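Chemist: The structure is given below, and queries will be raised subsequently.
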Amino acid sequence: MAATDKYHYLPKSSELLKTNNSTHSEYLKIYKRHLDKGLQALIEQFQKGTSISQLLKARSSLMDHILITSWQQYAVNPDCALIAVGGYGRHELQPFSDIDILVLLSESDVQTQALESWLAFLWDIGLEVGHSVRTLEQCETLAQADITIATSLMESRYLCGAKTLYKKLNTLVEADNFWPSEQFFNAKVREHRERHKKFKDTSFNLEPNIKSNPGGLRDIQVMQWITLKHLKSNSLHHLIERNILTRREYRNLISHQQFLRRVRFALHALTGKREDRLSFEHQKKVAEWLGYEDDENKLAVEYLMQNYYRAVMAIRNLNELFIQIFEQEYLSSQLNSESTVLDEDFFIQNKRIGTDNPELFKQKPHTLIKIFTYIALDPEIRQIQAKTLRQIRSSQQIINKDYRNNTKNIAAWLEFLSSRQITSRGFALMKRTNVLGALVPIFAKIEGQMQFDLFHAYTVDEHTLFLLRHIIRYNKPECQHEFPICSDIVRELADPTVLHLAAIFHDIAKGRGGDHSELGAIDALEYAKSMGLNLQTAKLISWLVKNHLIMSLVAQRKDISDPEVIETFAKRIPDVLHLELLYVLTVSDIRATNPTLWNSWKESLLKELFLATKYYLSQATPRTNQQEMLQDTRQQVLEQFVKSEKPIEPVRELLQELGDEYLLRYHPEQIIWQLEQLLAQPLFKENNQPYVAIKNHRSQAGTEIFIAINDQADLFAAIASVLCQNHLNIQAATLFTSPKGLCLDTFIVLDEQGQPLSYQERIDEIQNNLIQQLSDISNIRLEVSRALPSRYKHFNVPTLITFSHDKATNLTILELAALDRPALLAKIGQAFRDCQVKIHSAKIVTLGEKVEDTFMISKTNDKPITDTTELAQLKQHIIELLDA
């Protein structure tokens with residue numbers, strides 16, 4: 001019986017024998033049809049629920065027959081051997097995996113013309129073939145120098161040709177001096193850890209690589225290779241007999257492996273190519289293929305990804321357990337290393353903490369927490385010893401309600417939370433061993449919880465760990481220069497328990513529906529009280545969780561140079577301690593959400609809001625009224641010009657021309673700079689030419705572009721288009737028009753890397769582009785020819801527009817939430833022009849694929865827009881332009 005005939009659903013292998021008298025083109029058609037029928041049969045079986053292991057073997061058998069039959073039909077030299085290597089050698093071929101083969105030559109000068117024709121034929125029928133053509137001596141030389149080549153030879157499988165030659169290769173590979181076991185182990189583990197570093201050592205990226213991510217299929221292959229080399233077995237089941245894995249651990253490992261294989265199979269089948277990255281583009285379709293469905297709490301894709309993250313976490317844990325046991329039990333370099341006694345329960349050996357008492361956690365349950373306190377306080381402790389790690393996992397069931405209510409256990413938990421931790425490894429290992437989820441049962445529900453967007457780069461639990469890592473990093477004196485205010489606050493705290501618990505609970509209610517801040521605050525209050533914390537402390541933790549988003553929202557969406565904005569925000573903050581802890585939590589939260597989200601501009605906004613609010617809270621008297629603020633700003637400006645010994649009368653005249661609204665719109669430092677520019681260029685208005693000046697913002701966190709130009713239609717849209725064409729991201733805009741029609745507009749921008757402009761040549765280029773194009777805005781392309789990024793197309797972000805009235809300025813507030821897209825601001829500017837709307841300022845917030853922008857607008861006569869029909873028309877027109 002032919003190999004493929006074992007799998008009744010595959011096309012009959014006899015079909016290929018009909019090609020013996022065919023032309024080359026007929027050859028191609030028959031083989032292509034055979035391949036297509038085979039693939040379709042595998043996909044149908046997959047959808048029927050056939051075992052994934054069987055399908056991978058079936059795909060390998062299909063390839064076996066195609067390669068062997070065509071090899072014989074092309075009469076490749078009989079002195080050569082055709083050998084399957086890599087995943088093909090293991091019988092683990094996914095639908096579009098590379099077909100890795102070795103053609104083993106008896107000698108280097110063997111005739112290879114037929115071989116070259118055969119390889120070309122394989123490519124012509126659509127196979128992705130990874131081939132090497134070598135002699136036995138070449139294989140030995142290359143394998144000794146390259147662990148990857150050596151590994152592929154270890155997994156080799158004979159297909160056809162000179163079998164004696166293959167046996168010689170096998171003898172070579174199985175020899176003791178061919179990568180001795182300990183040398184092979186060290187090389188593989190080093191390679192394994194380097195791969196993890198490439199993925200920032202996290203299993204929780206939201207667009208993971210199923211094969212190579214930490215906890216992916218490659219982690220299991222590392223275990224297979226070491227088992228094959230050291231134990232001479234190609235089955236991980238052998239690890240049970242050698243007491244390296246328990247039967248339960250083995251079953252879990254295989255179960256998670258099968259899950260990842262099914263995900264990968266679906267990904268290949270859906271994309272029609274070798275695709276191992278589970279991107280947003282494919283996640284929804286894969287979830288559908290695997291039978292997941294949306295419900296009122298979560299999307300189908302979120303259920304899929306939660307199962308994925310739990311699987312890779314389990315695989316990673318078992319992989320590390322395997323490596324540790326192997327090191328401790330089998331490597332000579334580890335057998336006699338010295339240990340340091342910590343106390344009667346724990347010791348450190350080879351940078352791993354462990355215990356010799358197999359009943360420790362049952363006899364002294366509080367030590368199940370105490371071990372992590374040692375880890376958190378000693379950066380030299382890198383891991384937990386394998387046997388101790390297994391004890392921790394087998395003891396988790398003792399952490400129940402009675403355990404959590406036990407006074408001694410609570411004291412141990414509070415000792416951990418209140419310790420001034422040096423490393424976040426304590427929290428990380430507590431989470432990975434599931435102890436954190438047992439101590440805070442509600443935390444276990446968010447493990448692996450993802451959010452289907454581009455804003456959140458990690459799962460909720462991994463994001464929480466990153467947040468804790470940032471907070472703990474502020475403790476380190478050597479890191480104080482990074483975020484000095486945060487470091488000062490954290491280092492002056494007598495007890496960091498409040499911050500640690502607020503971090504754990506801040507997102508704990510995500511995925512439940514409703515406001516996660518409100519729900520999480522309730523959970524935090526109940527939990528803190530259950531631990532015996534005093535009511536004041538419990539309320540502080542709850543307040544931080546409830547309000548953990550407000551500081552970011554105010555900083556990014558409000559004009560924080562406006563004293564009234566500061567006053568309104570400050571009235572929500574009970575005291576300076578609440579403000580300081582909220583600032584630390586906010587900074588850490590944003591930094592832990594997405595590596596690309598944090599930038600110097602956001603840092604400066606939060607810092608300015610924090611300092612202004614702290615100053616307000618420390619004052620005994622309330623803020624001055626608007627007239628006093630006007631007088632104070634005017635005085636600061638005039639005093640600066642007097643100090644610089646410049647004529648004061650032109651300044652007074654210009655301020656008189658611009659009016660009081662100008663003094664309220666800008667910060668005194670900005671006003672001084674702008675007036676200096678205008679007074680130095682008195683003829684620009686007469687020449688009807690725009691004036692452009694560029695400098696770093698006073699915070700040094702963004703680039704400030706100042707444009708003075710006569711008012712005209714489409715001005716905002718034109719400026720936004722030119723900035724977009726110059727690859728600048730607008731962070732904020734302040735727009736002012738004088739009574740005589742002079743526009744003084746300021747834009748805060750960052751480059752595409754989220755940084756202020758730093759090269760003078762680039763600044764000069766942008767300045768010249770703005771002057772040239774704004775000289776005649778009728779020639780400016782308002783439609784920017786930059787395509788919507790492909791990954792954005794897979795997110796359903798409805799355009800939402802709301803209006804409200806700002807009493808302080810007597811303007812209309814337009815708040816927009818929409819899918820980010822090129823030229824968005826230009827299109828909004830068009831809508832304002834078409835609806836005869838005047839824009840006064842804008843705050844731009846980009847959250848992954850989504851924007852949440854705020855515009856202060858009015859009628860052309862500076863009156864607020866109150867007519868509901870006019871507002872409805874504006875809203876509809878914006879939506880039409882954005883969706884066009």
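Naming works like this for the structure tokens: A, B, ... for the chains as they're shown, residue 1 at the start of each chain, ligands 1 onward in shown order.
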If you run DSSP over the backbone, which residues in range 129-310 of chain A end up strand (DSSP E)? Put them as number ranges by chain.
Modeler: A: 129-135, 157-161
Chemist: Selected residues, all heavy atoms, written as a compact mmCIF listing (two decimals), in the first residue's frame, please.
Modeler:
# COMPACT_ATOMS: atom_id res chain seq x y z
N VAL A 129 10.52 24.80 -1.83
CA VAL A 129 11.52 23.79 -1.48
C VAL A 129 12.77 24.47 -0.92
O VAL A 129 13.35 25.35 -1.56
CB VAL A 129 11.90 22.93 -2.71
CG1 VAL A 129 12.94 21.88 -2.31
CG2 VAL A 129 10.67 22.26 -3.28
N GLY A 130 13.14 24.05 0.28
CA GLY A 130 14.41 24.47 0.85
C GLY A 130 15.38 23.32 0.72
O GLY A 130 15.25 22.31 1.44
N HIS A 131 16.32 23.41 -0.21
CA HIS A 131 17.16 22.24 -0.50
C HIS A 131 18.64 22.55 -0.28
O HIS A 131 19.09 23.70 -0.41
CB HIS A 131 16.95 21.76 -1.93
CG HIS A 131 17.52 22.69 -2.96
ND1 HIS A 131 16.86 23.83 -3.37
CD2 HIS A 131 18.69 22.64 -3.66
CE1 HIS A 131 17.60 24.45 -4.27
NE2 HIS A 131 18.71 23.75 -4.48
N SER A 132 19.37 21.55 0.07
CA SER A 132 20.83 21.62 0.12
C SER A 132 21.37 20.38 -0.58
O SER A 132 20.77 19.30 -0.50
CB SER A 132 21.33 21.68 1.56
OG SER A 132 20.82 20.62 2.32
N VAL A 133 22.46 20.54 -1.29
CA VAL A 133 23.10 19.43 -2.02
C VAL A 133 24.52 19.32 -1.51
O VAL A 133 25.35 20.22 -1.73
CB VAL A 133 23.08 19.70 -3.55
CG1 VAL A 133 23.70 18.52 -4.30
CG2 VAL A 133 21.66 19.96 -4.03
N ARG A 134 24.83 18.22 -0.79
CA ARG A 134 26.12 18.10 -0.12
C ARG A 134 26.62 16.65 -0.13
O ARG A 134 25.82 15.72 -0.22
CB ARG A 134 26.02 18.56 1.34
CG ARG A 134 25.66 20.02 1.50
CD ARG A 134 25.35 20.37 2.93
NE ARG A 134 24.92 21.76 3.05
CZ ARG A 134 24.03 22.20 3.93
NH1 ARG A 134 23.47 21.35 4.77
NH2 ARG A 134 23.70 23.46 3.98
N THR A 135 27.92 16.54 0.02
CA THR A 135 28.51 15.22 0.26
C THR A 135 28.48 14.95 1.76
O THR A 135 28.19 15.84 2.57
CB THR A 135 29.97 15.18 -0.22
OG1 THR A 135 30.74 16.10 0.57
CG2 THR A 135 30.08 15.54 -1.70
N ARG A 157 15.16 12.01 7.58
CA ARG A 157 14.34 10.82 7.29
C ARG A 157 14.56 10.42 5.84
O ARG A 157 14.45 11.25 4.93
CB ARG A 157 12.87 11.15 7.57
CG ARG A 157 11.88 10.04 7.31
CD ARG A 157 10.51 10.40 7.88
NE ARG A 157 9.98 11.62 7.31
CZ ARG A 157 9.28 11.68 6.17
NH1 ARG A 157 9.06 10.58 5.47
NH2 ARG A 157 8.80 12.84 5.73
N TYR A 158 14.88 9.17 5.64
CA TYR A 158 15.17 8.66 4.28
C TYR A 158 13.91 8.63 3.43
O TYR A 158 12.85 8.20 3.87
CB TYR A 158 15.75 7.24 4.38
CG TYR A 158 15.95 6.54 3.06
CD1 TYR A 158 17.03 6.86 2.24
CD2 TYR A 158 15.04 5.56 2.63
CE1 TYR A 158 17.20 6.21 1.01
CE2 TYR A 158 15.21 4.91 1.42
CZ TYR A 158 16.29 5.25 0.61
OH TYR A 158 16.46 4.60 -0.60
N LEU A 159 14.05 9.10 2.17
CA LEU A 159 12.94 9.05 1.23
C LEU A 159 13.22 8.05 0.11
O LEU A 159 12.44 7.12 -0.10
CB LEU A 159 12.68 10.44 0.64
CG LEU A 159 12.15 11.51 1.62
CD1 LEU A 159 12.02 12.87 0.93
CD2 LEU A 159 10.82 11.10 2.22
N CYS A 160 14.31 8.23 -0.62
CA CYS A 160 14.64 7.30 -1.70
C CYS A 160 16.09 7.53 -2.13
O CYS A 160 16.76 8.43 -1.64
CB CYS A 160 13.69 7.47 -2.88
SG CYS A 160 13.80 9.07 -3.69
N GLY A 161 16.55 6.72 -3.07
CA GLY A 161 17.93 6.85 -3.55
C GLY A 161 18.86 5.89 -2.84
O GLY A 161 18.45 4.81 -2.37
Chemist: Just the residues within 7 Å of range 198-210 of chain A, please, counting only C-alpha atoms, with nothing from its chain fewer than 4 positions along; format it as a tab-separated table (two decimals) with C-alpha atoms, in the first residue's frame.
Modeler:
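Full text of selection05.tsv as output:
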chain	number	residue	atom	x	y	z
A	194	GLU	CA	18.41	34.62	22.06
A	214	PRO	CA	8.24	32.56	23.69
A	215	GLY	CA	5.89	29.67	24.48
A	216	GLY	CA	5.35	28.93	20.79
A	217	LEU	CA	5.87	25.68	18.90
A	260	LEU	CA	-1.19	25.78	18.44
A	264	ARG	CA	-1.24	27.45	12.57
A	276	ASP	CA	3.14	32.10	11.21
A	277	ARG	CA	2.26	35.56	12.50
A	278	LEU	CA	-1.24	35.72	13.92
A	279	SER	CA	-1.86	39.33	12.92
A	280	PHE	CA	-5.03	41.33	13.53
A	309	TYR	CA	-2.02	33.15	25.61
A	312	VAL	CA	1.85	29.62	25.33
A	313	MET	CA	2.23	30.50	29.01
A	457	ALA	CA	0.17	46.02	22.73
A	458	TYR	CA	-0.16	43.36	25.45
A	459	THR	CA	-2.75	41.28	27.24
A	462	GLU	CA	1.03	41.25	30.93
Chemist: For Tyr583 in chain A, find every residue with an atom within 10 Å (counting only C-alpha atoms), except residues of its own chain fewer than 3 positions away, and show them as a PDB file with C-alpha atoms, in the first residue's frame.
Modeler:
ATOM      1  CA  ILE A 485       9.479  63.034  39.706  1.00  0.00           C
ATOM      2  CA  CYS A 486       8.178  59.459  39.779  1.00  0.00           C
ATOM      3  CA  ILE A 489       7.539  60.096  44.893  1.00  0.00           C
ATOM      4  CA  LEU A 544      -6.723  55.441  42.328  1.00  0.00           C
ATOM      5  CA  HIS A 548      -6.584  56.053  36.867  1.00  0.00           C
ATOM      6  CA  MET A 551      -5.090  62.580  34.434  1.00  0.00           C
ATOM      7  CA  SER A 552      -4.236  61.262  30.986  1.00  0.00           C
ATOM      8  CA  LEU A 577      -0.717  62.444  48.144  1.00  0.00           C
ATOM      9  CA  HIS A 578      -3.607  61.392  45.891  1.00  0.00           C
ATOM     10  CA  LEU A 579      -2.133  63.534  43.093  1.00  0.00           C
ATOM     11  CA  GLU A 580       1.380  62.111  43.465  1.00  0.00           C
ATOM     12  CA  THR A 586      -0.700  57.315  35.062  1.00  0.00           C
ATOM     13  CA  VAL A 587       2.859  57.598  33.745  1.00  0.00           C
ATOM     14  CA  SER A 588       3.490  53.893  34.369  1.00  0.00           C
ATOM     15  CA  ASP A 589       0.146  52.882  32.848  1.00  0.00           C
ATOM     16  CA  LEU A 606       1.519  65.078  32.275  1.00  0.00           C
ATOM     17  CA  LYS A 607       4.419  66.784  34.015  1.00  0.00           C
ATOM     18  CA  LEU A 609      -0.473  69.138  34.638  1.00  0.00           C
ATOM     19  CA  PHE A 610       1.060  67.534  37.724  1.00  0.00           C
TER      20      PHE A 610
END
Chemist: Could you name the residues that touch Glu815 in chain A at 6 Å or less, counting only C-alpha atoms, but leaving out those on the same chain fewer than 5 positions away, as a PDB file with C-alpha atoms, in the first residue's frame?
Modeler:
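Final output, around-v9.pdb:
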ATOM      1  CA  ILE A 801     -19.237  62.984  17.201  1.00  0.00           C
ATOM      2  CA  THR A 802     -20.606  64.789  20.245  1.00  0.00           C
ATOM      3  CA  ASP A 853      -9.775  64.618  18.964  1.00  0.00           C
ATOM      4  CA  THR A 854     -11.290  67.694  20.595  1.00  0.00           C
TER       5      THR A 854
END
Chemist: Just want the 10 Å neighbourhood of Lys529 in chain A, counted on only C-alpha atoms, with same-chain residues fewer than 6 positions away dropped. Output as a list in words.
Modeler: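 Neighbouring residues, sequence-local ones excluded: Leu535, Gln536, Thr537, Ala538 and Lys539 of chain A.
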Chemist: List as a PyMOL selection string the protein and nucleic acid residues near Leu658 in chain A, meaning an atom at most 7 Å away when only C-alpha atoms are counted, but skip any in the same chain fewer than 2 places from it.
Modeler: chain A and resi 654-656+662+738-739
Chemist: Which residue, A:Lys827, A:Lys37, A:Arg262, A:Arg652, has the smallest gap to Gly49 in chain A when you use only C-alpha atoms?
Modeler: A:Arg262
Chemist: I need the residues of range 95-315 of chain A that end up classed as alpha helix (DSSP H) by DSSP on the backbone, written out as a count of residues only.
Modeler: 130
Chemist: Kindly give the distance, in Å, that separates CA of Leu35 in chain A and CA of Leu62 in chain A, rounded to a single decimal.
Modeler: 8.1 Å
Chemist: Have a look at A:Ser337, A:Gln449, A:Thr703, A:Ser424 and name the one nearest to Pro379 in chain A; count only C-alpha atoms.
Modeler: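 Under the stated criterion, the closest residue is A:Ser424.
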Chemist: I'd like to know which of A:Ser60, A:Gly513, A:Ala502, A:Leu436 is closest to Glu296 in chain A, using only C-alpha atoms.
Modeler: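 Looking at the shortest contact to Glu296 in chain A, the residue is A:Gly513.
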Chemist: Taking into account only C-alpha atoms, which residue in the set A:Ser804, A:Gln773, A:Asn547, A:Gln619 is nearest to Glu567 in chain A?
Modeler: A:Gln619
